[in-house]
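Source file: run.cif; contents: mmCIF, C-alpha atoms.
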data_final
#
loop_
_atom_site.label_atom_id
_atom_site.label_comp_id
_atom_site.auth_asym_id
_atom_site.auth_seq_id
_atom_site.Cartn_x
_atom_site.Cartn_y
_atom_site.Cartn_z
CA MET A 1 15.18 -5.96 14.08
CA SER A 2 13.28 -8.27 11.76
CA TYR A 3 9.56 -8.76 12.15
CA SER A 4 8.02 -12.09 12.99
CA CYS A 5 5.04 -12.74 10.75
CA THR A 6 3.31 -15.00 13.25
CA SER A 7 0.71 -12.36 14.13
CA SER A 8 -2.80 -13.10 12.98
CA VAL A 9 -3.45 -11.98 9.42
CA THR A 10 -7.15 -11.67 10.20
CA THR A 11 -6.45 -9.38 13.14
CA LEU A 12 -4.29 -7.08 11.03
CA GLN A 13 -6.79 -6.97 8.20
CA GLU A 14 -9.62 -6.17 10.58
CA SER A 15 -7.53 -3.46 12.23
CA ASN A 16 -6.70 -1.95 8.86
CA ASP A 17 -10.37 -1.80 7.93
CA MET A 18 -11.34 0.03 11.10
CA ASP A 19 -12.11 3.73 10.97
CA GLN A 20 -8.80 4.91 12.38
CA PRO A 21 -6.65 7.98 11.69
CA PRO A 22 -3.94 7.71 9.03
CA ALA A 23 -0.71 6.23 10.34
CA ILE A 24 2.36 8.31 11.18
CA PHE A 25 5.90 7.18 10.36
CA VAL A 26 8.90 9.10 11.67
CA LEU A 27 12.56 9.20 10.63
CA GLY A 28 15.11 11.47 12.21
CA ASP A 29 17.52 12.23 15.02
CA SER A 30 17.40 12.78 18.78
CA LEU A 31 14.80 15.54 18.46
CA VAL A 32 12.20 12.84 17.74
CA ASP A 33 13.81 9.61 18.99
CA PRO A 34 11.24 7.77 21.20
CA GLY A 35 13.81 5.30 22.53
CA ASN A 36 15.49 3.48 19.65
CA ILE A 37 18.86 4.65 20.96
CA ASN A 38 18.36 2.45 24.04
CA TYR A 39 18.56 -0.65 21.86
CA VAL A 40 21.76 0.21 19.99
CA ASN A 41 23.96 2.28 22.27
CA PRO A 42 25.41 1.18 25.63
CA LEU A 43 24.97 4.77 26.84
CA LYS A 44 21.21 4.36 27.12
CA ASN A 45 19.18 7.53 27.39
CA ASN A 46 16.75 6.17 29.95
CA ASN A 47 18.05 7.76 33.12
CA PHE A 48 16.80 10.48 35.43
CA PRO A 49 16.03 13.30 34.80
CA TYR A 50 15.12 12.54 31.17
CA GLY A 51 11.39 11.94 30.97
CA ILE A 52 10.77 13.57 34.34
CA ASP A 53 7.55 15.13 32.99
CA PHE A 54 6.49 12.37 30.60
CA PRO A 55 2.73 11.96 31.11
CA THR A 56 2.25 8.19 31.22
CA GLY A 57 4.32 7.60 34.32
CA LYS A 58 6.89 5.67 32.27
CA ARG A 59 9.58 8.28 32.63
CA PHE A 60 12.66 6.69 31.18
CA THR A 61 11.50 6.17 27.61
CA GLY A 62 14.74 7.15 25.87
CA ARG A 63 13.42 10.52 24.69
CA PHE A 64 15.91 13.38 24.75
CA CYS A 65 13.46 15.61 26.60
CA ASN A 66 11.89 16.20 29.98
CA GLY A 67 8.55 15.15 28.49
CA ARG A 68 6.97 14.75 25.08
CA THR A 69 8.70 15.33 21.76
CA VAL A 70 7.11 17.44 19.05
CA ILE A 71 6.01 14.22 17.32
CA ASP A 72 4.28 12.96 20.47
CA ILE A 73 2.30 16.19 20.68
CA ILE A 74 1.42 16.30 16.98
CA GLY A 75 0.20 12.70 17.18
CA GLU A 76 -2.04 13.58 20.14
CA GLU A 77 -3.48 16.56 18.29
CA LEU A 78 -4.23 14.42 15.22
CA GLY A 79 -6.01 11.78 17.29
CA VAL A 80 -3.50 8.97 16.86
CA LYS A 81 -3.95 6.24 19.47
CA ASP A 82 -0.96 6.09 21.81
CA TYR A 83 2.49 7.44 21.00
CA ILE A 84 4.21 6.27 17.84
CA PRO A 85 6.39 3.39 19.07
CA PRO A 86 10.12 2.91 18.46
CA TYR A 87 10.91 0.42 15.71
CA LEU A 88 13.38 -1.51 17.86
CA ASP A 89 10.95 -2.06 20.73
CA PRO A 90 10.10 -5.80 20.67
CA THR A 91 6.41 -4.96 21.23
CA THR A 92 6.21 -2.98 17.97
CA VAL A 93 4.47 -5.80 16.09
CA GLY A 94 0.96 -6.75 14.99
CA ASP A 95 -1.70 -4.10 14.52
CA VAL A 96 0.48 -1.56 16.36
CA VAL A 97 2.53 -1.27 13.16
CA LEU A 98 -0.54 -0.18 11.20
CA ARG A 99 -0.78 2.99 13.29
CA GLY A 100 2.82 3.97 12.49
CA VAL A 101 6.40 3.39 13.55
CA ASN A 102 9.19 5.71 14.66
CA TYR A 103 12.70 4.90 13.36
CA ALA A 104 14.49 8.02 14.68
CA SER A 105 17.75 7.68 16.57
CA GLY A 106 19.86 9.94 18.70
CA GLY A 107 23.06 10.93 16.88
CA ALA A 108 21.57 10.16 13.46
CA GLY A 109 22.39 12.06 10.32
CA ILE A 110 22.01 12.10 6.57
CA PHE A 111 25.56 10.80 6.18
CA ASN A 112 26.49 7.42 7.60
CA ASP A 113 29.57 8.80 9.37
CA THR A 114 27.66 11.58 11.13
CA GLY A 115 27.48 11.13 14.89
CA ALA A 116 30.32 8.61 15.01
CA VAL A 117 31.63 10.41 18.10
CA PHE A 118 28.59 9.06 19.98
CA GLY A 119 29.11 5.44 18.99
CA ASN A 120 26.24 3.27 17.75
CA ARG A 121 23.29 5.08 16.20
CA ILE A 122 20.88 4.54 13.32
CA ASN A 123 21.54 6.92 10.44
CA MET A 124 19.10 7.72 7.66
CA ASP A 125 20.04 4.95 5.25
CA ALA A 126 19.54 2.35 7.99
CA GLN A 127 16.27 3.95 9.09
CA ILE A 128 14.95 3.70 5.54
CA ASP A 129 16.07 0.06 5.49
CA TYR A 130 14.02 -0.47 8.65
CA TYR A 131 11.04 1.23 7.03
CA ALA A 132 11.43 -1.17 4.09
CA ASN A 133 11.18 -4.04 6.60
CA THR A 134 7.99 -2.53 8.01
CA ARG A 135 6.52 -2.14 4.54
CA ASN A 136 7.27 -5.78 3.70
CA TYR A 137 5.70 -6.83 7.00
CA ILE A 138 2.53 -4.89 6.22
CA ILE A 139 2.39 -6.30 2.68
CA SER A 140 2.74 -9.84 4.01
CA ASN A 141 -0.23 -9.31 6.29
CA ILE A 142 -2.72 -7.15 4.38
CA GLY A 143 -1.48 -7.52 0.80
CA SER A 144 0.20 -5.10 -1.57
CA GLY A 145 -3.02 -3.23 -2.34
CA GLY A 146 -3.90 -2.69 1.31
CA SER A 147 -0.35 -1.73 2.15
CA LYS A 148 -0.12 0.82 -0.63
CA LYS A 149 -3.43 2.37 0.41
CA LEU A 150 -2.31 2.59 4.06
CA LEU A 151 1.10 4.07 3.25
CA ASN A 152 -0.21 6.50 0.64
CA LYS A 153 -2.58 7.91 3.27
CA ALA A 154 0.02 7.91 6.04
CA LEU A 155 1.92 10.97 7.25
CA PHE A 156 5.72 10.78 7.18
CA PHE A 157 7.99 13.05 9.20
CA VAL A 158 11.68 13.44 8.37
CA ILE A 159 13.58 15.52 10.92
CA VAL A 160 17.32 15.17 10.35
CA GLY A 161 20.36 17.21 9.32
CA ALA A 162 21.35 19.10 12.47
CA ASN A 163 23.95 16.52 13.42
CA GLU A 164 25.73 17.06 10.11
CA PHE A 165 26.78 20.40 11.59
CA ILE A 166 26.94 19.62 15.32
CA ASP A 167 28.57 16.19 15.16
CA ASN A 168 30.28 16.18 11.79
CA TYR A 169 31.45 19.29 9.95
CA PHE A 170 31.82 21.51 13.04
CA THR A 171 32.79 18.90 15.63
CA PRO A 172 35.61 20.37 17.75
CA PHE A 173 39.05 18.90 16.97
CA PHE A 174 37.90 16.12 14.66
CA SER A 175 36.49 18.34 11.92
CA ILE A 176 39.55 20.55 11.43
CA PRO A 177 41.07 18.49 8.57
CA GLU A 178 37.74 18.30 6.72
CA GLN A 179 37.10 22.03 7.05
CA LYS A 180 40.46 22.70 5.40
CA LEU A 181 39.57 20.54 2.41
CA VAL A 182 35.80 21.02 2.08
CA SER A 183 34.04 24.37 2.11
CA PRO A 184 30.63 24.73 3.80
CA GLU A 185 29.10 25.13 0.34
CA MET A 186 30.60 21.85 -0.86
CA PHE A 187 29.52 20.07 2.32
CA VAL A 188 25.93 21.34 2.00
CA ASP A 189 25.77 20.33 -1.65
CA SER A 190 26.81 16.81 -0.65
CA MET A 191 24.09 16.77 2.01
CA ILE A 192 21.43 17.78 -0.51
CA SER A 193 22.57 15.17 -3.05
CA LYS A 194 22.44 12.40 -0.46
CA PHE A 195 19.13 13.60 0.98
CA ARG A 196 17.55 13.70 -2.49
CA LEU A 197 18.29 10.00 -2.91
CA GLN A 198 16.91 9.18 0.54
CA LEU A 199 13.65 11.09 0.11
CA THR A 200 13.18 9.62 -3.35
CA ARG A 201 13.67 6.15 -1.93
CA LEU A 202 10.89 6.79 0.60
CA TYR A 203 8.62 7.88 -2.24
CA GLU A 204 9.45 4.73 -4.19
CA MET A 205 8.24 2.74 -1.18
CA ASP A 206 4.76 4.30 -1.22
CA ALA A 207 5.34 7.36 1.01
CA ARG A 208 3.39 10.29 -0.43
CA LYS A 209 2.70 12.79 2.36
CA ILE A 210 6.12 13.73 3.68
CA VAL A 211 6.97 16.57 6.07
CA VAL A 212 10.65 17.50 5.90
CA ALA A 213 11.88 19.85 8.62
CA ASN A 214 14.88 22.02 7.94
CA VAL A 215 17.82 22.47 10.32
CA GLY A 216 17.27 24.78 13.26
CA PRO A 217 19.67 27.47 14.52
CA VAL A 218 22.25 24.91 15.64
CA GLY A 219 24.77 27.62 16.49
CA CYS A 220 22.45 28.81 19.26
CA ILE A 221 21.99 25.59 21.21
CA PRO A 222 23.41 25.78 24.74
CA THR A 223 26.47 23.64 24.06
CA GLU A 224 27.54 25.83 21.10
CA ARG A 225 27.08 29.01 23.14
CA THR A 226 29.27 27.43 25.81
CA LEU A 227 31.90 26.46 23.24
CA ASN A 228 31.91 30.04 21.96
CA TYR A 229 32.61 31.30 25.46
CA ARG A 230 34.92 28.62 26.86
CA TRP A 231 36.71 27.19 23.85
CA TYR A 232 36.67 29.62 20.95
CA ALA A 233 37.41 32.60 23.17
CA ILE A 234 34.67 34.74 21.67
CA GLY A 235 34.23 36.36 25.05
CA ASP A 236 30.51 35.87 25.45
CA ASP A 237 27.81 33.23 25.07
CA SER A 238 26.54 34.41 21.71
CA CYS A 239 25.51 32.03 18.92
CA ARG A 240 28.13 30.48 16.64
CA SER A 241 27.30 32.37 13.48
CA VAL A 242 29.43 30.16 11.23
CA MET A 243 27.21 27.20 12.10
CA ASN A 244 23.98 29.13 11.62
CA ASN A 245 25.19 30.44 8.26
CA ALA A 246 25.86 26.88 7.09
CA ALA A 247 22.46 25.75 8.36
CA MET A 248 20.74 28.58 6.50
CA LEU A 249 22.59 27.67 3.31
CA PHE A 250 21.37 24.08 3.67
CA ASN A 251 17.82 25.24 4.39
CA LYS A 252 17.69 27.39 1.29
CA LYS A 253 18.79 24.48 -0.88
CA LEU A 254 16.46 22.10 0.96
CA LYS A 255 13.42 24.23 0.16
CA SER A 256 14.39 24.16 -3.51
CA LEU A 257 14.77 20.38 -3.25
CA ILE A 258 11.26 20.03 -1.78
CA MET A 259 9.83 22.07 -4.65
CA GLU A 260 11.78 19.93 -7.12
CA LEU A 261 10.47 16.68 -5.63
CA ASN A 262 6.89 17.93 -5.62
CA SER A 263 7.22 18.72 -9.32
CA ASN A 264 8.98 15.54 -10.39
CA LEU A 265 7.47 12.79 -8.23
CA VAL A 266 3.91 12.16 -9.36
CA GLY A 267 1.37 12.24 -6.55
CA SER A 268 3.86 13.38 -3.93
CA LYS A 269 3.00 15.97 -1.30
CA PHE A 270 6.19 17.15 0.33
CA VAL A 271 5.88 19.88 2.97
CA TYR A 272 8.82 22.02 4.02
CA GLY A 273 8.88 22.78 7.76
CA ASP A 274 10.90 25.83 8.73
CA SER A 275 12.23 24.76 12.13
CA TYR A 276 14.95 27.40 11.91
CA ASN A 277 12.56 30.33 11.92
CA MET A 278 10.16 28.63 14.32
CA LEU A 279 12.81 28.30 17.01
CA SER A 280 14.35 31.69 16.19
CA HIS A 281 10.94 33.29 16.69
CA ILE A 282 10.53 31.56 20.05
CA THR A 283 13.97 32.60 21.34
CA THR A 284 13.57 36.17 20.10
CA ASN A 285 10.17 36.46 21.78
CA TYR A 286 10.83 34.11 24.68
CA LYS A 287 9.27 36.35 27.32
CA SER A 288 5.98 36.55 25.47
CA TYR A 289 5.78 32.74 25.62
CA GLY A 290 6.40 32.72 29.37
CA PHE A 291 10.04 31.63 29.22
CA GLU A 292 12.74 33.10 31.42
CA ASN A 293 15.82 31.50 29.85
CA TYR A 294 16.64 30.75 26.20
CA LYS A 295 20.42 30.35 26.41
CA CYS A 296 20.95 27.55 28.93
CA GLY A 297 19.44 24.14 29.31
CA CYS A 298 17.20 23.37 32.29
CA TYR A 299 19.19 20.17 32.75
CA ASN A 300 22.65 21.65 33.07
CA VAL A 301 24.83 19.06 31.44
CA LEU A 302 27.07 20.61 28.82
CA LEU A 303 29.48 19.16 26.30
CA ASP A 304 32.75 20.93 26.93
CA PRO A 305 35.99 19.93 25.13
CA THR A 306 38.02 21.02 28.15
CA GLN A 307 35.96 19.08 30.70
CA GLY A 308 34.00 16.44 28.81
CA LEU A 309 30.51 16.24 30.27
CA HIS A 310 30.29 19.28 32.51
CA TYR A 311 27.66 19.54 35.25
CA PRO A 312 27.21 23.03 36.64
CA GLU A 313 24.98 23.43 39.70
CA PRO A 314 22.08 23.08 40.11
CA LEU A 315 21.72 20.02 37.92
CA VAL A 316 18.02 20.38 37.07
CA CYS A 317 15.95 23.55 37.20
CA GLU A 318 12.83 23.59 39.33
CA ASP A 319 10.43 24.88 36.68
CA ARG A 320 11.01 23.25 33.29
CA SER A 321 8.32 25.40 31.67
CA LYS A 322 10.54 28.48 32.01
CA TYR A 323 13.31 27.12 29.76
CA VAL A 324 13.37 27.00 25.96
CA PHE A 325 15.96 24.21 26.08
CA TRP A 326 15.80 21.07 28.17
CA ASP A 327 19.49 20.15 27.96
CA PHE A 328 22.58 20.98 25.92
CA ALA A 329 20.81 20.64 22.56
CA HIS A 330 17.14 19.66 22.82
CA PRO A 331 13.99 21.75 23.31
CA SER A 332 11.94 21.41 26.46
CA GLU A 333 8.43 20.00 26.31
CA ALA A 334 7.13 23.56 26.73
CA THR A 335 8.96 24.54 23.53
CA ASN A 336 7.78 21.39 21.73
CA LEU A 337 4.17 22.38 22.47
CA ILE A 338 4.73 25.67 20.64
CA LEU A 339 6.60 24.02 17.76
CA ALA A 340 3.82 21.45 17.32
CA LYS A 341 1.24 24.23 17.08
CA MET A 342 3.35 25.98 14.44
CA PHE A 343 3.68 22.80 12.38
CA LEU A 344 0.00 21.96 12.64
CA ASP A 345 -1.76 25.27 12.23
CA ASP A 346 0.59 27.64 10.42
CA HIS A 347 -1.21 30.00 8.03
CA GLY A 348 0.18 31.89 5.08
CA SER A 349 3.16 29.54 4.68
CA ARG A 350 5.13 31.39 7.33
CA TYR A 351 6.59 28.17 8.74
CA THR A 352 5.22 25.39 6.54
CA TYR A 353 5.15 25.28 2.75
CA PRO A 354 3.00 24.76 0.71
CA MET A 355 0.52 23.77 3.45
CA ASN A 356 0.53 23.06 7.17
CA VAL A 357 0.77 19.60 8.69
CA ARG A 358 -2.90 19.36 9.63
CA GLN A 359 -3.92 20.17 6.05
CA LEU A 360 -1.47 17.60 4.72
CA TYR A 361 -2.68 14.92 7.14
CA TYR A 362 -6.30 15.26 6.06
CA SER A 363 -5.57 15.86 2.36
#
As structure tokens, how would this structure be written, given the file I've shared?
Amino acid sequence: MSYSCTSSVTTLQESNDMDQPPAIFVLGDSLVDPGNINYVNPLKNNNFPYGIDFPTGKRFTGRFCNGRTVIDIIGEELGVKDYIPPYLDPTTVGDVVLRGVNYASGGAGIFNDTGAVFGNRINMDAQIDYYANTRNYIISNIGSGGSKKLLNKALFFVIVGANEFIDNYFTPFFSIPEQKLVSPEMFVDSMISKFRLQLTRLYEMDARKIVVANVGPVGCIPTERTLNYRWYAIGDDSCRSVMNNAAMLFNKKLKSLIMELNSNLVGSKFVYGDSYNMLSHITTNYKSYGFENYKCGCYNVLLDPTQGLHYPEPLVCEDRSKYVFWDFAHPSEATNLILAKMFLDDHGSRYTYPMNVRQLYYS
């Protein structure tokens, strides 16, 4: 998508001068995709029951959730007008852009070959290219000084990396040759090297307040539990520890990278979000949060190598608020509400380091 610069310059300048909250820009994968996938992949994610609980009445938005994503909820809490729109939506032009843009895509990863099994998607390099287009659009309308001020104040979210393990290194069948040649340690080191370049590139394009979430316990998502039971003959639906171990290795190195960037990039404020321990805490204490099920998705579609897309009965649970997971890989809106609270109001750097998201936003 390339922006048309026919919008009124005066309108954009006036909008930029208004007393409005800092903008929010989002890059990432299906956890925070607001519908970009619908514009690039024939298998559009705008069908029932996705979005069944989305509050605006526009159910089929392309979100991989029964309702709001964690970004939607955080934006609401921070007072941002409307939900951050998808970059590829043709209506994401004019003063809408000044409030933020979401570039996230289902199937996306740090590497360009991640998620290839799903077909077309927008990986991180392309998302940063799209952000560069947005930045040029803003500069052309409010000038370089106004653009830099807006982007320096803006909050950036980067939530990516899980698909490197789910749909790349540990993909059933396809990943076997790579696993024989590349150890998990080597793979993670390559991820960190690539990610360093990507985060630095964002900084070089005026991003200063950047929240980077680590990879959650990917070995515990419903589809991996099912693979453990049905395919890997573990004998139960326990988590795939080999995946979680790799994710934890990446997370440890990612936290060091965030500290490195904060030290080396003048004026930067990177915040490390510990999604792994957030979600682990929720699943360990699921009953105290009112959940009844933390192993299966409410929407019972599972990726099964022996059956393809597998639909056990019933297809959709009656009470979505009782499930930690919405589908085979994505949290329910009920879980996203808890995660958003953890991101926003964490104290003592239990889940966010060196400050929480609310503190970063208003810093």
Carefully work through the PyMOL selection byres ((chain A and resi 218) around 8) for this structure and note down the residues it includes, as an mmCIF file with C-alpha atoms, in the coordinates of the input.
data_model
loop_
_atom_site.group_PDB
_atom_site.id
_atom_site.type_symbol
_atom_site.label_atom_id
_atom_site.label_comp_id
_atom_site.auth_asym_id
_atom_site.auth_seq_id
_atom_site.Cartn_x
_atom_site.Cartn_y
_atom_site.Cartn_z
ATOM 1 C CA ALA A 162 21.350 19.100 12.470
ATOM 2 C CA PHE A 165 26.780 20.400 11.590
ATOM 3 C CA ILE A 166 26.940 19.620 15.320
ATOM 4 C CA VAL A 215 17.820 22.470 10.320
ATOM 5 C CA GLY A 216 17.270 24.780 13.260
ATOM 6 C CA PRO A 217 19.670 27.470 14.520
ATOM 7 C CA GLY A 219 24.770 27.620 16.490
ATOM 8 C CA CYS A 220 22.450 28.810 19.260
ATOM 9 C CA ILE A 221 21.990 25.590 21.210
ATOM 10 C CA GLU A 224 27.540 25.830 21.100
ATOM 11 C CA MET A 243 27.210 27.200 12.100
ATOM 12 C CA ASN A 244 23.980 29.130 11.620
ATOM 13 C CA ALA A 247 22.460 25.750 8.360
#
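Near region 335-347 of chain A, within a cut-off of 7 Å and counting only C-alpha atoms, sit the residues Thr69, Val70, Ile73, Ile74, Gly273, Met278, Val324, Pro331, Ser332, Glu333, Ser349, Arg350, Tyr351, Thr352, Asn356, Val357 and Arg358 of chain A, with same-chain residues fewer than 2 positions away left out.
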Each residue of region 165-213 of chain A lying at most 9 Å from region 146-160 of chain A should get a row with its shortest atom-to-atom pair and the distance in Å to one decimal, counting only C-alpha atoms; could you produce that, ordered by chain and increasing number, as a tab-separated table?
residue	atom	partner	partner_atom	distance
A:Leu199	CA	A:Val158	CA	8.8
A:Met205	CA	A:Leu151	CA	8.5
A:Asp206	CA	A:Asn152	CA	5.7
A:Ala207	CA	A:Asn152	CA	5.6
A:Arg208	CA	A:Asn152	CA	5.3
A:Lys209	CA	A:Leu155	CA	5.3
A:Ile210	CA	A:Phe156	CA	4.6
A:Val211	CA	A:Phe157	CA	4.8
A:Val212	CA	A:Val158	CA	4.9
A:Ala213	CA	A:Ile159	CA	5.2
Convert the current residue selection to file output with C-alpha atoms, as a PDB file, keeping the file's coordinate frame.
ATOM      1  CA  LEU A 199      13.650  11.090   0.110  1.00  0.00           C
ATOM      2  CA  MET A 205       8.240   2.740  -1.180  1.00  0.00           C
ATOM      3  CA  ASP A 206       4.760   4.300  -1.220  1.00  0.00           C
ATOM      4  CA  ALA A 207       5.340   7.360   1.010  1.00  0.00           C
ATOM      5  CA  ARG A 208       3.390  10.290  -0.430  1.00  0.00           C
ATOM      6  CA  LYS A 209       2.700  12.790   2.360  1.00  0.00           C
ATOM      7  CA  ILE A 210       6.120  13.730   3.680  1.00  0.00           C
ATOM      8  CA  VAL A 211       6.970  16.570   6.070  1.00  0.00           C
ATOM      9  CA  VAL A 212      10.650  17.500   5.900  1.00  0.00           C
ATOM     10  CA  ALA A 213      11.880  19.850   8.620  1.00  0.00           C
TER      11      ALA A 213
END
Given all atoms listed in the file as the counted atoms, nearest of A:Pro354, A:Pro184, A:Gly67, A:Gly94 to Arg320 (chain A):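 Closest candidate: A:Gly67.
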Contacts of Met186 (chain A) at 12 Å (all atoms listed in the file; same-chain gap of 6+ positions) as an MDAnalysis selection string: chainID A and resid 169 178:180 192:193 246 249:250
Sphere at (4.8, 30.1, 30.9), radius 7 Å, counting all atoms listed in the file: residues as a ChimeraX atom specification: /A:289-291,321-322
Expected selection from the PyMOL selection byres ((chain A and resi 238) around 7), given as number ranges by chain: A: 225, 228, 236-237, 239-240
Evaluate the PyMOL selection byres ((chain A and resi 110) around 9) and report residues as a list in words: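 What the PyMOL selection byres ((chain A and resi 110) around 9) grabs from the file is Gly28, Ala108, Gly109, Phe111, Asn112, Asp113, Thr114, Asn123, Met124, Asp125, Val160, Gly161, Asn163, Glu164, Met191, Lys194, Phe195 and Gln198 of chain A.
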Within 9 Å of Arg121 (chain A) using all atoms listed in the file, minus same-chain residues under 3 positions, as number ranges by chain: A: 36-37, 40-41, 105-108, 115-116, 118
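You can rank A:Ile282, A:Ile122, A:Val316, A:Leu181 by their closest distance to Gly297 (chain A) using all atoms listed in the file, and at the top of that list sits A:Val316.
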Mind working out the centre and edge lengths of an axis-aligned box for region 202-221 of chain A, all listed atoms inside, 8 Å added to each side, rounded to one decimal in Å and written as AutoDock Vina command-line options?
--center_x 13.7 --center_y 15.8 --center_z 8.5 --size_x 38.1 --size_y 42.1 --size_z 41.4
Exercise: Lys81 (chain A) partners within 9 Å, all atoms listed in the file, chain neighbours under 2 positions left out, as a PyMOL selection string: chain A and resi 20-21+75-76+79+83-84+99
Output C-alpha atoms for every residue in the selection just made, as a PDB file, in the frame of the given file.
ATOM      1  CA  GLN A  20      -8.800   4.910  12.380  1.00  0.00           C
ATOM      2  CA  PRO A  21      -6.650   7.980  11.690  1.00  0.00           C
ATOM      3  CA  GLY A  75       0.200  12.700  17.180  1.00  0.00           C
ATOM      4  CA  GLU A  76      -2.040  13.580  20.140  1.00  0.00           C
ATOM      5  CA  GLY A  79      -6.010  11.780  17.290  1.00  0.00           C
ATOM      6  CA  TYR A  83       2.490   7.440  21.000  1.00  0.00           C
ATOM      7  CA  ILE A  84       4.210   6.270  17.840  1.00  0.00           C
ATOM      8  CA  ARG A  99      -0.780   2.990  13.290  1.00  0.00           C
TER       9      ARG A  99
END
CA of Thr134 (chain A) to CA of Val97 (chain A), straight-line distance in Å: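 So the two atoms, CA of Val97 (chain A) and CA of Thr134 (chain A), lie 7.6 Å apart.
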Polymer residues at most 12 Å from Tyr87 (chain A), all atoms listed in the file, same-chain spacing of 2 or more positions, as number ranges by chain: A: 1-3, 25-27, 33-40, 84-85, 89-93, 96-97, 100-105, 122, 126-134
Limited to C-alpha atoms, could you put the picked residues into a file as an mmCIF file, in the frame of the given file?
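Final output, saved to part.cif:
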data_model
loop_
_atom_site.group_PDB
_atom_site.id
_atom_site.type_symbol
_atom_site.label_atom_id
_atom_site.label_comp_id
_atom_site.auth_asym_id
_atom_site.auth_seq_id
_atom_site.Cartn_x
_atom_site.Cartn_y
_atom_site.Cartn_z
ATOM 1 C CA MET A 1 15.180 -5.960 14.080
ATOM 2 C CA SER A 2 13.280 -8.270 11.760
ATOM 3 C CA TYR A 3 9.560 -8.760 12.150
ATOM 4 C CA PHE A 25 5.900 7.180 10.360
ATOM 5 C CA VAL A 26 8.900 9.100 11.670
ATOM 6 C CA LEU A 27 12.560 9.200 10.630
ATOM 7 C CA ASP A 33 13.810 9.610 18.990
ATOM 8 C CA PRO A 34 11.240 7.770 21.200
ATOM 9 C CA GLY A 35 13.810 5.300 22.530
ATOM 10 C CA ASN A 36 15.490 3.480 19.650
ATOM 11 C CA ILE A 37 18.860 4.650 20.960
ATOM 12 C CA ASN A 38 18.360 2.450 24.040
ATOM 13 C CA TYR A 39 18.560 -0.650 21.860
ATOM 14 C CA VAL A 40 21.760 0.210 19.990
ATOM 15 C CA ILE A 84 4.210 6.270 17.840
ATOM 16 C CA PRO A 85 6.390 3.390 19.070
ATOM 17 C CA ASP A 89 10.950 -2.060 20.730
ATOM 18 C CA PRO A 90 10.100 -5.800 20.670
ATOM 19 C CA THR A 91 6.410 -4.960 21.230
ATOM 20 C CA THR A 92 6.210 -2.980 17.970
ATOM 21 C CA VAL A 93 4.470 -5.800 16.090
ATOM 22 C CA VAL A 96 0.480 -1.560 16.360
ATOM 23 C CA VAL A 97 2.530 -1.270 13.160
ATOM 24 C CA GLY A 100 2.820 3.970 12.490
ATOM 25 C CA VAL A 101 6.400 3.390 13.550
ATOM 26 C CA ASN A 102 9.190 5.710 14.660
ATOM 27 C CA TYR A 103 12.700 4.900 13.360
ATOM 28 C CA ALA A 104 14.490 8.020 14.680
ATOM 29 C CA SER A 105 17.750 7.680 16.570
ATOM 30 C CA ILE A 122 20.880 4.540 13.320
ATOM 31 C CA ALA A 126 19.540 2.350 7.990
ATOM 32 C CA GLN A 127 16.270 3.950 9.090
ATOM 33 C CA ILE A 128 14.950 3.700 5.540
ATOM 34 C CA ASP A 129 16.070 0.060 5.490
ATOM 35 C CA TYR A 130 14.020 -0.470 8.650
ATOM 36 C CA TYR A 131 11.040 1.230 7.030
ATOM 37 C CA ALA A 132 11.430 -1.170 4.090
ATOM 38 C CA ASN A 133 11.180 -4.040 6.600
ATOM 39 C CA THR A 134 7.990 -2.530 8.010
#
Interatomic distance, CA of Gly119 (chain A) to CA of Phe174 (chain A) (Å, one decimal):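 Distance reported for this atom pair: 14.5 Å.
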Separation of CA of Asn264 (chain A) from CA of Ile139 (chain A), in Å and rounded to one decimal: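 Straight-line distance from CA of Asn264 (chain A) to CA of Ile139 (chain A) works out to 26.3 Å.
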